[in-house]
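Participant: So here's start-v9.cif, just mmCIF, C-alpha atoms:
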data_data
#
loop_
_atom_site.label_atom_id
_atom_site.label_comp_id
_atom_site.auth_asym_id
_atom_site.auth_seq_id
_atom_site.Cartn_x
_atom_site.Cartn_y
_atom_site.Cartn_z
CA MET A 1 0.00 0.00 0.00
CA PHE A 2 2.89 2.34 0.81
CA ALA A 3 4.59 1.58 -2.53
CA ALA A 4 1.35 2.13 -4.46
CA ALA A 5 0.78 5.48 -2.78
CA MET A 6 4.35 6.59 -3.48
CA LEU A 7 4.08 5.55 -7.15
CA THR A 8 0.88 7.58 -7.49
CA MET A 9 2.61 10.62 -6.00
CA SER A 10 5.59 10.03 -8.28
CA ALA A 11 3.41 9.98 -11.40
CA SER A 12 1.62 13.19 -10.44
CA ALA A 13 4.79 14.99 -9.37
CA GLN A 14 6.89 14.15 -12.44
CA ARG A 15 6.04 16.99 -14.82
CA THR A 16 9.31 16.93 -16.78
CA ALA A 17 9.63 14.55 -19.74
CA VAL A 18 12.94 12.69 -19.75
CA THR A 19 14.65 10.56 -22.39
CA ALA A 20 13.78 6.88 -22.59
CA ASN A 21 15.17 4.68 -19.81
CA LYS A 22 16.65 1.70 -21.65
CA ALA A 23 17.48 -1.62 -19.99
CA GLN A 24 21.18 -0.74 -19.74
CA ASP A 25 20.60 2.80 -18.43
CA ASN A 26 20.74 4.28 -14.92
CA TRP A 27 22.52 1.43 -13.16
CA TYR A 28 24.83 2.07 -10.23
CA VAL A 29 27.03 0.09 -7.86
CA GLY A 30 28.40 1.02 -4.47
CA ILE A 31 29.84 -0.01 -1.15
CA ASN A 32 29.07 1.11 2.40
CA ALA A 33 30.33 0.55 5.93
CA GLY A 34 29.26 1.47 9.46
CA VAL A 35 28.08 0.05 12.79
CA ALA A 36 24.86 -1.55 14.08
CA THR A 37 23.36 -1.86 17.55
CA ASN A 38 20.33 -3.64 19.05
CA MET A 39 17.20 -1.53 19.38
CA GLN A 40 16.02 -3.48 22.42
CA LYS A 41 17.83 -4.92 25.43
CA PHE A 42 18.07 -8.71 25.35
CA PRO A 43 19.97 -11.09 27.57
CA TYR A 44 22.65 -13.21 25.97
CA LYS A 45 23.11 -16.71 27.37
CA ASN A 46 24.44 -16.32 30.92
CA ASP A 47 24.96 -12.57 30.62
CA ALA A 48 21.95 -11.07 32.38
CA LYS A 49 22.86 -7.57 31.30
CA GLY A 50 22.82 -8.56 27.68
CA ALA A 51 23.08 -6.05 24.87
CA GLY A 52 20.86 -3.11 24.11
CA PHE A 53 20.61 0.18 22.30
CA PHE A 54 24.12 1.72 22.17
CA LYS A 55 25.30 -1.02 24.58
CA GLY A 56 27.17 -3.04 22.06
CA PHE A 57 28.13 -2.44 18.45
CA ALA A 58 28.87 -4.63 15.48
CA PRO A 59 30.79 -3.31 12.48
CA GLU A 60 29.06 -3.84 9.16
CA PHE A 61 29.99 -3.77 5.49
CA GLY A 62 27.69 -3.83 2.48
CA ILE A 63 27.49 -3.91 -1.30
CA ARG A 64 24.67 -2.25 -3.22
CA VAL A 65 23.63 -2.68 -6.88
CA GLY A 66 20.68 -0.64 -8.11
CA LYS A 67 18.78 0.85 -11.02
CA ASN A 68 16.76 4.05 -11.10
CA LEU A 69 13.59 3.25 -13.03
CA THR A 70 12.32 6.84 -12.97
CA THR A 71 13.65 10.10 -11.60
CA VAL A 72 11.82 9.22 -8.36
CA PHE A 73 11.57 5.44 -8.09
CA GLY A 74 14.22 2.72 -8.26
CA LEU A 75 15.24 -0.72 -7.02
CA ALA A 76 18.41 -1.79 -5.22
CA LEU A 77 19.84 -5.10 -4.07
CA ASP A 78 21.64 -4.84 -0.72
CA VAL A 79 23.96 -7.47 0.75
CA ASN A 80 25.03 -6.44 4.26
CA SER A 81 27.26 -8.37 6.69
CA TYR A 82 27.88 -7.83 10.44
CA PHE A 83 31.26 -8.74 11.97
CA GLY A 84 32.52 -9.78 15.40
CA ASN A 85 34.01 -12.86 17.11
CA LYS A 86 33.38 -12.27 20.83
CA VAL A 87 30.77 -14.15 22.74
CA ASP A 88 29.82 -11.65 25.41
CA GLY A 89 26.72 -9.49 25.22
CA LYS A 90 28.64 -6.36 24.30
CA THR A 91 29.13 -7.49 20.70
CA THR A 92 25.41 -7.18 19.92
CA PHE A 93 25.45 -10.13 17.51
CA GLY A 94 28.00 -12.12 19.43
CA SER A 95 29.15 -15.35 17.86
CA LYS A 96 32.30 -17.36 17.23
CA THR A 97 32.21 -16.76 13.48
CA PHE A 98 34.03 -13.93 11.69
CA ILE A 99 30.77 -12.84 10.04
CA ASP A 100 27.96 -12.90 12.58
CA ALA A 101 25.04 -12.33 10.25
CA THR A 102 24.17 -11.26 6.69
CA ASP A 103 21.14 -9.50 5.22
CA PHE A 104 19.99 -10.04 1.64
CA ASP A 105 17.48 -7.30 0.86
CA LEU A 106 15.56 -5.97 -2.13
CA MET A 107 14.95 -2.27 -1.54
CA THR A 108 12.72 0.28 -3.21
CA THR A 109 14.33 3.73 -3.44
CA TRP A 110 12.45 7.03 -3.44
CA ASN A 111 14.12 10.32 -4.34
CA LEU A 112 12.15 12.72 -2.15
CA ASN A 113 13.58 15.85 -3.80
CA ASN A 114 12.35 14.79 -7.23
CA LEU A 115 9.10 13.47 -5.77
CA PHE A 116 8.07 16.77 -4.24
CA ALA A 117 10.02 19.36 -6.28
CA GLY A 118 10.37 17.71 -9.69
CA TYR A 119 13.46 16.87 -11.73
CA LYS A 120 15.41 19.83 -13.16
CA GLY A 121 17.49 18.02 -15.76
CA GLU A 122 20.27 16.73 -13.52
CA PRO A 123 20.57 15.54 -9.90
CA ARG A 124 20.75 18.20 -7.24
CA ALA A 125 23.97 18.62 -5.31
CA PHE A 126 22.18 17.41 -2.15
CA GLU A 127 19.36 14.87 -2.15
CA VAL A 128 17.31 12.94 0.38
CA ILE A 129 16.48 9.35 -0.66
CA ALA A 130 14.22 6.98 1.25
CA LEU A 131 14.73 3.20 1.10
CA VAL A 132 12.03 0.67 2.03
CA GLY A 133 12.12 -3.07 1.51
CA GLY A 134 13.05 -6.37 3.03
CA GLY A 135 14.51 -9.78 2.45
CA TYR A 136 16.26 -12.55 4.31
CA SER A 137 18.63 -12.46 7.29
CA ARG A 138 20.97 -15.28 8.23
CA ALA A 139 22.80 -15.79 11.54
CA TRP A 140 25.73 -18.01 10.58
CA ALA A 141 26.80 -19.20 14.03
CA ALA A 142 23.25 -19.95 15.14
CA LYS A 143 22.55 -21.56 11.76
CA GLN A 144 19.18 -19.92 11.56
CA GLY A 145 17.52 -17.18 9.57
CA GLY A 146 14.28 -15.55 8.63
CA ILE A 147 12.64 -12.73 6.81
CA ASN A 148 13.37 -9.12 7.68
CA ALA A 149 11.96 -5.67 7.00
CA LYS A 150 14.21 -2.69 6.40
CA ALA A 151 13.84 1.09 6.19
CA ALA A 152 16.54 3.73 5.81
CA ILE A 153 17.14 7.23 4.56
CA ASP A 154 20.15 8.53 2.60
CA PHE A 155 21.48 12.05 2.93
CA ALA A 156 23.40 12.13 -0.33
CA LEU A 157 25.82 14.42 -2.12
CA ASN A 158 26.23 14.14 -5.90
CA LEU A 159 29.79 14.92 -6.94
CA GLY A 160 31.73 15.54 -10.14
CA ALA A 161 30.99 17.51 -13.29
CA ASP A 162 28.73 14.70 -14.52
CA LYS A 163 27.40 13.89 -11.04
CA ALA A 164 28.45 10.30 -11.58
CA TRP A 165 29.55 9.84 -7.94
CA GLN A 166 27.25 9.86 -4.95
CA VAL A 167 28.35 9.74 -1.31
CA TYR A 168 25.86 9.39 1.50
CA ILE A 169 25.20 8.98 5.21
CA GLU A 170 22.51 6.38 5.94
CA PRO A 171 20.71 5.79 9.25
CA GLY A 172 18.40 2.79 9.09
CA VAL A 173 16.42 0.16 10.92
CA VAL A 174 16.31 -3.60 10.31
CA LEU A 175 13.50 -5.54 11.98
CA GLY A 176 14.11 -9.26 12.34
CA GLU A 177 17.90 -9.13 12.54
CA PRO A 178 18.89 -12.66 13.62
CA ALA A 179 20.41 -11.76 16.95
CA VAL A 180 21.04 -15.20 18.35
CA GLN A 181 17.71 -16.99 17.90
CA TYR A 182 15.37 -14.14 16.92
CA ALA A 183 14.98 -13.73 13.15
CA ASN A 184 11.31 -13.00 12.38
CA PRO A 185 10.56 -9.24 12.22
CA PHE A 186 6.92 -9.87 13.02
CA TYR A 187 7.60 -12.14 15.98
CA ARG A 188 7.71 -10.44 19.35
CA ILE A 189 9.79 -11.91 22.13
CA THR A 190 9.63 -11.35 25.84
CA GLY A 191 12.41 -9.18 27.24
CA PRO A 192 13.86 -9.04 30.76
CA ASP A 193 11.18 -6.56 31.77
CA GLY A 194 8.44 -9.02 30.85
CA LYS A 195 7.28 -7.00 27.87
CA LYS A 196 7.03 -8.36 24.36
CA LYS A 197 9.32 -6.55 21.97
CA TYR A 198 10.15 -6.71 18.29
CA ASN A 199 13.66 -7.81 17.53
CA GLY A 200 15.59 -5.26 15.47
CA ALA A 201 18.76 -3.30 14.93
CA PHE A 202 19.64 0.32 14.25
CA SER A 203 22.55 1.02 11.89
CA LEU A 204 24.48 4.07 10.84
CA LYS A 205 26.78 3.83 7.86
CA ALA A 206 28.44 5.82 5.10
CA GLY A 207 28.67 4.77 1.47
CA VAL A 208 29.60 5.72 -2.07
CA ASN A 209 27.85 4.84 -5.35
CA TYR A 210 29.09 5.10 -8.92
CA LYS A 211 26.44 5.70 -11.60
CA PHE A 212 27.32 4.17 -14.98
CA GLY A 213 27.00 6.09 -18.24
CA THR A 214 23.65 6.00 -20.06
CA SER A 215 22.58 5.95 -23.71
CA ASN A 216 21.74 9.67 -23.52
CA GLY A 217 25.44 10.55 -23.06
CA THR A 218 25.25 11.38 -19.33
CA HIS A 219 25.28 9.41 -16.07
CA ASN A 220 21.74 10.41 -15.10
CA PHE A 221 18.33 11.11 -16.57
CA LYS A 222 18.26 13.78 -19.27
CA VAL A 223 15.36 16.12 -19.97
CA GLU A 224 13.73 15.50 -23.35
CA GLN A 225 13.73 18.50 -25.66
CA LEU A 226 10.04 18.85 -26.44
CA ARG A 227 8.39 21.15 -28.97
CA ASP A 228 5.23 23.10 -28.27
CA GLN A 229 2.10 22.53 -30.36
CA ALA A 230 2.43 25.80 -32.27
CA GLU A 231 5.90 24.83 -33.43
CA ILE A 232 4.68 21.37 -34.41
CA ASP A 233 1.79 22.91 -36.39
CA GLY A 234 4.22 25.24 -38.15
CA LEU A 235 6.50 22.34 -39.11
CA ASN A 236 3.52 20.34 -40.36
CA ALA A 237 2.45 23.29 -42.50
CA GLN A 238 5.96 23.48 -43.99
CA ILE A 239 5.91 19.74 -44.69
CA ASN A 240 2.49 19.98 -46.39
CA GLY A 241 3.70 22.93 -48.47
CA LEU A 242 6.78 21.02 -49.59
CA ARG A 243 4.62 18.00 -50.47
CA ALA A 244 2.32 20.17 -52.59
CA GLU A 245 5.33 21.74 -54.32
CA ASN A 246 6.81 18.31 -54.93
CA ASP A 247 3.52 17.04 -56.38
CA ALA A 248 3.35 20.05 -58.74
CA LYS A 249 6.91 19.46 -59.92
CA ALA A 250 6.15 15.77 -60.40
CA GLY A 251 3.22 16.74 -62.63
CA LYS A 252 5.45 19.03 -64.70
CA LEU A 253 8.07 16.33 -65.03
CA ALA A 254 5.43 13.83 -66.17
CA ALA A 255 4.21 16.30 -68.82
CA ALA A 256 7.78 16.97 -69.93
CA ASP A 257 8.47 13.23 -70.16
CA LYS A 258 5.37 12.79 -72.30
CA GLN A 259 6.43 15.63 -74.59
CA ILE A 260 9.93 14.13 -74.92
CA ALA A 261 8.43 10.75 -75.73
CA ASP A 262 6.18 12.33 -78.39
CA LEU A 263 9.12 14.19 -79.94
CA LYS A 264 11.20 11.03 -80.00
CA ALA A 265 8.37 9.22 -81.74
CA GLN A 266 8.07 12.02 -84.31
CA LEU A 267 11.83 12.04 -84.87
CA ALA A 268 11.88 8.28 -85.34
CA ALA A 269 9.05 8.56 -87.85
CA CYS A 270 10.90 11.28 -89.72
CA GLN A 271 14.13 9.32 -89.78
CA ALA A 272 12.30 6.27 -91.12
CA ARG A 273 11.03 8.17 -94.14
CA PRO A 274 13.11 8.44 -97.32
CA THR A 275 14.58 11.92 -97.70
CA ALA A 276 13.15 12.40 -101.14
CA ALA A 277 9.63 11.59 -99.94
CA ALA A 278 9.75 14.40 -97.39
CA VAL A 279 10.27 17.05 -100.05
CA VAL A 280 7.06 18.37 -101.52
CA ALA A 281 8.46 20.81 -104.00
CA ALA A 282 11.88 22.15 -104.89
CA PRO A 283 12.57 25.77 -105.79
CA ALA A 284 13.19 26.58 -109.45
CA GLU A 285 16.66 27.97 -108.67
CA ASN A 286 19.85 25.92 -108.80
CA VAL A 287 19.61 24.77 -105.19
CA LEU A 288 22.62 23.01 -103.76
CA GLN A 289 21.76 19.82 -101.89
CA PRO A 290 23.17 20.53 -98.38
CA HIS A 291 20.66 22.16 -96.00
CA VAL A 292 21.27 23.58 -92.52
CA ILE A 293 18.50 22.57 -90.11
CA PHE A 294 17.69 24.70 -87.05
CA ARG A 295 15.85 24.02 -83.82
CA GLN A 296 12.43 25.59 -83.32
CA GLY A 297 12.74 29.30 -82.54
CA LYS A 298 16.56 29.20 -82.70
CA ALA A 299 19.09 30.89 -85.01
CA THR A 300 22.17 29.06 -83.75
CA ILE A 301 23.96 26.34 -85.71
CA ASP A 302 24.12 22.91 -84.09
CA PRO A 303 27.56 21.25 -84.37
CA ALA A 304 26.18 18.47 -86.57
CA GLN A 305 24.99 21.02 -89.18
CA TYR A 306 28.49 22.31 -89.96
CA ALA A 307 28.99 19.32 -92.27
CA SER A 308 26.50 20.85 -94.75
CA ILE A 309 28.19 24.26 -94.56
CA GLU A 310 31.59 22.67 -95.07
CA MET A 311 30.35 20.97 -98.27
CA VAL A 312 29.23 24.35 -99.71
CA ALA A 313 32.53 25.97 -98.65
CA LYS A 314 34.46 23.19 -100.43
CA TYR A 315 32.35 23.72 -103.54
CA MET A 316 33.07 27.45 -103.54
CA LYS A 317 36.82 26.89 -103.04
CA ASN A 318 36.88 24.46 -105.98
CA HIS A 319 34.96 26.95 -108.14
CA LYS A 320 36.60 30.33 -107.65
CA ASP A 321 33.90 32.18 -109.60
CA ALA A 322 30.95 30.57 -107.83
CA LYS A 323 28.55 32.76 -105.86
CA VAL A 324 25.93 31.57 -103.40
CA LYS A 325 22.74 32.98 -101.94
CA VAL A 326 21.79 31.74 -98.45
CA GLN A 327 18.03 31.57 -98.04
CA GLY A 328 16.63 31.35 -94.51
CA TYR A 329 13.24 29.84 -93.66
CA ALA A 330 11.06 29.40 -90.55
CA SER A 331 8.24 26.96 -89.85
CA PRO A 332 4.66 28.30 -89.71
CA GLU A 333 4.36 28.33 -85.90
CA GLY A 334 4.35 31.74 -84.24
CA LYS A 335 3.79 35.27 -85.48
CA LYS A 336 4.65 36.33 -88.99
CA GLU A 337 6.93 39.22 -87.96
CA PHE A 338 8.94 37.01 -85.63
CA ASN A 339 9.35 34.28 -88.25
CA GLN A 340 10.55 36.82 -90.82
CA LYS A 341 13.28 38.11 -88.53
CA LEU A 342 14.16 34.56 -87.51
CA SER A 343 14.62 33.49 -91.16
CA GLU A 344 16.90 36.49 -91.78
CA LYS A 345 19.02 35.67 -88.73
CA ARG A 346 19.39 32.08 -89.85
CA ALA A 347 20.67 33.17 -93.26
CA GLU A 348 23.10 35.62 -91.62
CA VAL A 349 24.61 33.09 -89.20
CA VAL A 350 25.24 30.64 -92.05
CA LYS A 351 26.98 33.39 -94.09
CA ASN A 352 29.10 34.32 -91.06
CA ALA A 353 30.14 30.67 -90.71
CA LEU A 354 31.26 30.54 -94.36
CA VAL A 355 33.23 33.79 -94.00
CA LYS A 356 34.79 33.33 -90.58
CA LYS A 357 35.21 29.59 -90.27
CA TYR A 358 35.85 28.59 -93.86
CA LYS A 359 37.41 31.87 -95.17
CA ILE A 360 35.02 32.44 -98.07
CA ALA A 361 34.98 36.04 -99.32
CA ALA A 362 31.90 37.88 -98.06
CA ASP A 363 31.19 39.51 -101.48
CA ARG A 364 30.59 36.02 -102.93
CA ILE A 365 27.69 35.40 -100.52
CA THR A 366 24.27 37.06 -100.35
CA VAL A 367 21.51 36.38 -97.82
CA GLU A 368 17.73 36.41 -97.96
CA GLY A 369 15.15 35.77 -95.26
CA LEU A 370 11.99 34.26 -96.72
CA GLY A 371 9.98 34.06 -93.51
CA ALA A 372 7.69 31.15 -92.61
CA THR A 373 6.90 28.38 -95.05
CA ASP A 374 5.23 24.99 -95.15
CA LYS A 375 6.11 24.31 -98.77
CA LEU A 376 9.54 22.78 -98.34
CA SER A 377 8.31 19.74 -96.45
CA SER A 378 5.21 18.22 -94.91
CA GLU A 379 7.18 18.06 -91.64
CA ASN A 380 7.72 21.38 -89.89
CA ASP A 381 11.14 20.20 -88.66
CA PHE A 382 12.39 20.38 -92.27
CA ASN A 383 10.94 23.90 -92.83
CA ARG A 384 13.34 25.46 -90.26
CA VAL A 385 16.31 25.54 -92.62
CA ALA A 386 18.87 27.61 -94.46
CA MET A 387 19.35 26.60 -98.13
CA PHE A 388 22.10 27.39 -100.61
CA VAL A 389 21.30 28.66 -104.13
CA ASP A 390 24.07 28.82 -106.73
CA THR A 391 23.76 32.34 -108.25
CA THR A 392 26.82 32.09 -110.49
CA LYS A 393 26.09 33.60 -113.98
#
The structure given in the file should be rewritten as structure tokens.
Facilitator:
Amino acid sequence: MFAAAMLTMSASAQRTAVTANKAQDNWYVGINAGVATNMQKFPYKNDAKGAGFFKGFAPEFGIRVGKNLTTVFGLALDVNSYFGNKVDGKTTFGSKTFIDATDFDLMTTWNLNNLFAGYKGEPRAFEVIALVGGGYSRAWAAKQGGINAKAAIDFALNLGADKAWQVYIEPGVVLGEPAVQYANPFYRITGPDGKKKYNGAFSLKAGVNYKFGTSNGTHNFKVEQLRDQAEIDGLNAQINGLRAENDAKAGKLAAADKQIADLKAQLAACQARPTAAAVVAAPAENVLQPHVIFRQGKATIDPAQYASIEMVAKYMKNHKDAKVKVQGYASPEGKKEFNQKLSEKRAEVVKNALVKKYKIAADRITVEGLGATDKLSSENDFNRVAMFVDTTK
């Protein structure tokens, strides 16, 4: 009932979200040492005075292994031994063995600072920790044992930059300590005064714990960096905006892919046709066979088209008197004024190539822009051309 009440308080008091506590996290190990004394006066064999509170001490030594399950609640395994080899009443747990008795206890731990004041992201320099639990006690000389109940409180200091070390002073009470024949914490025995008393011991000891490193990079619990709802809503809005933008771009890419596929299909169809079949009508002039083909709306010469220009240049070098007119054409798409200027530019760039690249005299070349046409070919791709007409008299 006590543990359930403390867990309820722990859940309501813990307002700070911390990082996940993995199985390997928040373990610690420590040692402690001190003295213990009987809480009641009991006779010992033939010693009528016996031992009592502060009338006989036994040194003790313990080992503790624990894990903090939350910032408030944890579990610890305590193994505590009491020493002495005298057999008079002043030794409290007098026996002829080196170790008089040993406790094996499972303890619940409660960080009272975090329980009532919350966790601030790291342990406080000074903390108060309650321990409640029980286990089994064994008196080795008497060869008897029984269950025990244990309660203690730690006044602890957390040391080091990482607060990995913890030193503490611990007063505590063990009911059912097997002093001679009394081992049951719930069994009352009759003392010298005729009153029934619970068997138990009071101890005072000092200890040190080392807290192992955790998966969050520290030796303790770490506060989780949480975002408020407004920030989360803002990030969601950004994500939705990016998704919409990505969908729009995907649609454009799909349309572009379809257009590319259509153009490839048209090009393949054009390439499959015989060249002569593509020509609808030829001009009456003495037209030289090489043509320079341009991209739609462009007046720049593609590298592959220089082969046609080079053939005309070779012809003019072999015939020193030959003169050539460059006629530029555009396909019917677009406005008439634009196509006229485009055809003129196409004729000019071809002339410039003959003059500058192939060193043909400029006065042997004339240009003419004939605007848009659909008469050269049934395919518009073959109407965007520059043609050569031999004008030699």
Participant: If you apply the PyMOL selection byres ((chain A and resi 221) around 12) to this file, what residues do you get, as a VMD selection string?
Facilitator: chain A and resid 16 to 22 25 to 27 67 to 72 114 119 to 124 162 to 164 211 to 220 222 to 224
Participant: Keeping only C-alpha atoms, write those residues as a PDB file, keeping the file's coordinate frame.
Facilitator:
ATOM      1  CA  THR A  16       9.310  16.930 -16.780  1.00  0.00           C
ATOM      2  CA  ALA A  17       9.630  14.550 -19.740  1.00  0.00           C
ATOM      3  CA  VAL A  18      12.940  12.690 -19.750  1.00  0.00           C
ATOM      4  CA  THR A  19      14.650  10.560 -22.390  1.00  0.00           C
ATOM      5  CA  ALA A  20      13.780   6.880 -22.590  1.00  0.00           C
ATOM      6  CA  ASN A  21      15.170   4.680 -19.810  1.00  0.00           C
ATOM      7  CA  LYS A  22      16.650   1.700 -21.650  1.00  0.00           C
ATOM      8  CA  ASP A  25      20.600   2.800 -18.430  1.00  0.00           C
ATOM      9  CA  ASN A  26      20.740   4.280 -14.920  1.00  0.00           C
ATOM     10  CA  TRP A  27      22.520   1.430 -13.160  1.00  0.00           C
ATOM     11  CA  LYS A  67      18.780   0.850 -11.020  1.00  0.00           C
ATOM     12  CA  ASN A  68      16.760   4.050 -11.100  1.00  0.00           C
ATOM     13  CA  LEU A  69      13.590   3.250 -13.030  1.00  0.00           C
ATOM     14  CA  THR A  70      12.320   6.840 -12.970  1.00  0.00           C
ATOM     15  CA  THR A  71      13.650  10.100 -11.600  1.00  0.00           C
ATOM     16  CA  VAL A  72      11.820   9.220  -8.360  1.00  0.00           C
ATOM     17  CA  ASN A 114      12.350  14.790  -7.230  1.00  0.00           C
ATOM     18  CA  TYR A 119      13.460  16.870 -11.730  1.00  0.00           C
ATOM     19  CA  LYS A 120      15.410  19.830 -13.160  1.00  0.00           C
ATOM     20  CA  GLY A 121      17.490  18.020 -15.760  1.00  0.00           C
ATOM     21  CA  GLU A 122      20.270  16.730 -13.520  1.00  0.00           C
ATOM     22  CA  PRO A 123      20.570  15.540  -9.900  1.00  0.00           C
ATOM     23  CA  ARG A 124      20.750  18.200  -7.240  1.00  0.00           C
ATOM     24  CA  ASP A 162      28.730  14.700 -14.520  1.00  0.00           C
ATOM     25  CA  LYS A 163      27.400  13.890 -11.040  1.00  0.00           C
ATOM     26  CA  ALA A 164      28.450  10.300 -11.580  1.00  0.00           C
ATOM     27  CA  LYS A 211      26.440   5.700 -11.600  1.00  0.00           C
ATOM     28  CA  PHE A 212      27.320   4.170 -14.980  1.00  0.00           C
ATOM     29  CA  GLY A 213      27.000   6.090 -18.240  1.00  0.00           C
ATOM     30  CA  THR A 214      23.650   6.000 -20.060  1.00  0.00           C
ATOM     31  CA  SER A 215      22.580   5.950 -23.710  1.00  0.00           C
ATOM     32  CA  ASN A 216      21.740   9.670 -23.520  1.00  0.00           C
ATOM     33  CA  GLY A 217      25.440  10.550 -23.060  1.00  0.00           C
ATOM     34  CA  THR A 218      25.250  11.380 -19.330  1.00  0.00           C
ATOM     35  CA  HIS A 219      25.280   9.410 -16.070  1.00  0.00           C
ATOM     36  CA  ASN A 220      21.740  10.410 -15.100  1.00  0.00           C
ATOM     37  CA  LYS A 222      18.260  13.780 -19.270  1.00  0.00           C
ATOM     38  CA  VAL A 223      15.360  16.120 -19.970  1.00  0.00           C
ATOM     39  CA  GLU A 224      13.730  15.500 -23.350  1.00  0.00           C
TER      40      GLU A 224
END
Participant: Could you jot down the atom CA of A:Asn318 to atom CA of A:Ala386 separation for me, Å, one decimal place?
Facilitator: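 If I compute the distance from atom CA of A:Asn318 to atom CA of A:Ala386, I get 21.6 Å.
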Participant: With all atoms listed in the file as the counted atoms, please give the residues lying no more than 7 Å from A:Asn111, apart from itself and same-chain residues fewer than 2 positions off, as a list in words.
Facilitator: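 Residues meeting the cut-off are Val72, Phe73, Thr109, Asn113, Asn114, Leu115, Val128, Ile129 and Ala130 of chain A.
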Participant: Please compute the atom CA of A:Glu344-atom CA of A:Lys314 distance, one decimal, in Å.
Facilitator: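 Here the two named atoms are 23.7 Å from each other.
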Participant: Please report the interatomic distance between atom CA of A:Tyr136 and atom CA of A:Asn32 in Å with one decimal.
Facilitator: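 Separation of atom CA of A:Tyr136 and atom CA of A:Asn32: 18.8 Å.
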Participant: Expand the PyMOL selection byres ((chain A and resi 338) around 12) into the explicit residue set it covers here, and present it as a PyMOL selection string.
Facilitator: chain A and resi 297-299+329-337+339-345+369-372
Participant: Just write the chosen residues, C-alpha atoms, as a PDB file, in the coordinates of the input.
Facilitator:
ATOM      1  CA  GLY A 297      12.740  29.300 -82.540  1.00  0.00           C
ATOM      2  CA  LYS A 298      16.560  29.200 -82.700  1.00  0.00           C
ATOM      3  CA  ALA A 299      19.090  30.890 -85.010  1.00  0.00           C
ATOM      4  CA  TYR A 329      13.240  29.840 -93.660  1.00  0.00           C
ATOM      5  CA  ALA A 330      11.060  29.400 -90.550  1.00  0.00           C
ATOM      6  CA  SER A 331       8.240  26.960 -89.850  1.00  0.00           C
ATOM      7  CA  PRO A 332       4.660  28.300 -89.710  1.00  0.00           C
ATOM      8  CA  GLU A 333       4.360  28.330 -85.900  1.00  0.00           C
ATOM      9  CA  GLY A 334       4.350  31.740 -84.240  1.00  0.00           C
ATOM     10  CA  LYS A 335       3.790  35.270 -85.480  1.00  0.00           C
ATOM     11  CA  LYS A 336       4.650  36.330 -88.990  1.00  0.00           C
ATOM     12  CA  GLU A 337       6.930  39.220 -87.960  1.00  0.00           C
ATOM     13  CA  ASN A 339       9.350  34.280 -88.250  1.00  0.00           C
ATOM     14  CA  GLN A 340      10.550  36.820 -90.820  1.00  0.00           C
ATOM     15  CA  LYS A 341      13.280  38.110 -88.530  1.00  0.00           C
ATOM     16  CA  LEU A 342      14.160  34.560 -87.510  1.00  0.00           C
ATOM     17  CA  SER A 343      14.620  33.490 -91.160  1.00  0.00           C
ATOM     18  CA  GLU A 344      16.900  36.490 -91.780  1.00  0.00           C
ATOM     19  CA  LYS A 345      19.020  35.670 -88.730  1.00  0.00           C
ATOM     20  CA  GLY A 369      15.150  35.770 -95.260  1.00  0.00           C
ATOM     21  CA  LEU A 370      11.990  34.260 -96.720  1.00  0.00           C
ATOM     22  CA  GLY A 371       9.980  34.060 -93.510  1.00  0.00           C
ATOM     23  CA  ALA A 372       7.690  31.150 -92.610  1.00  0.00           C
TER      24      ALA A 372
END
Participant: I'd like to know which of A:Val350, A:Ala117, A:Asp363, A:Ala265 is closest to A:Gln305, using all atoms listed in the file.
Facilitator: A:Val350
Participant: Could you expand the PyMOL selection byres ((chain A and resi 105) around 12) into the explicit residues it covers here, written as an MDAnalysis selection string?
Facilitator: chainID A and resid 62:66 75:81 102:104 106:108 131:138 146:151 174:175 177
Participant: Which is closer to A:Met311 than all the others in A:Leu253, A:Leu354, A:Ala139, A:Val326, using all atoms listed in the file?
Facilitator: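 Result for the nearest residue to A:Met311: A:Leu354.
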Participant: Excluding A:Thr300 and residues on its chain fewer than 2 positions from it, collect all residues at most 8 Å away from it, counting only C-alpha atoms, and give them as a ChimeraX atom specification.
Facilitator: /A:294,298,302,346,349
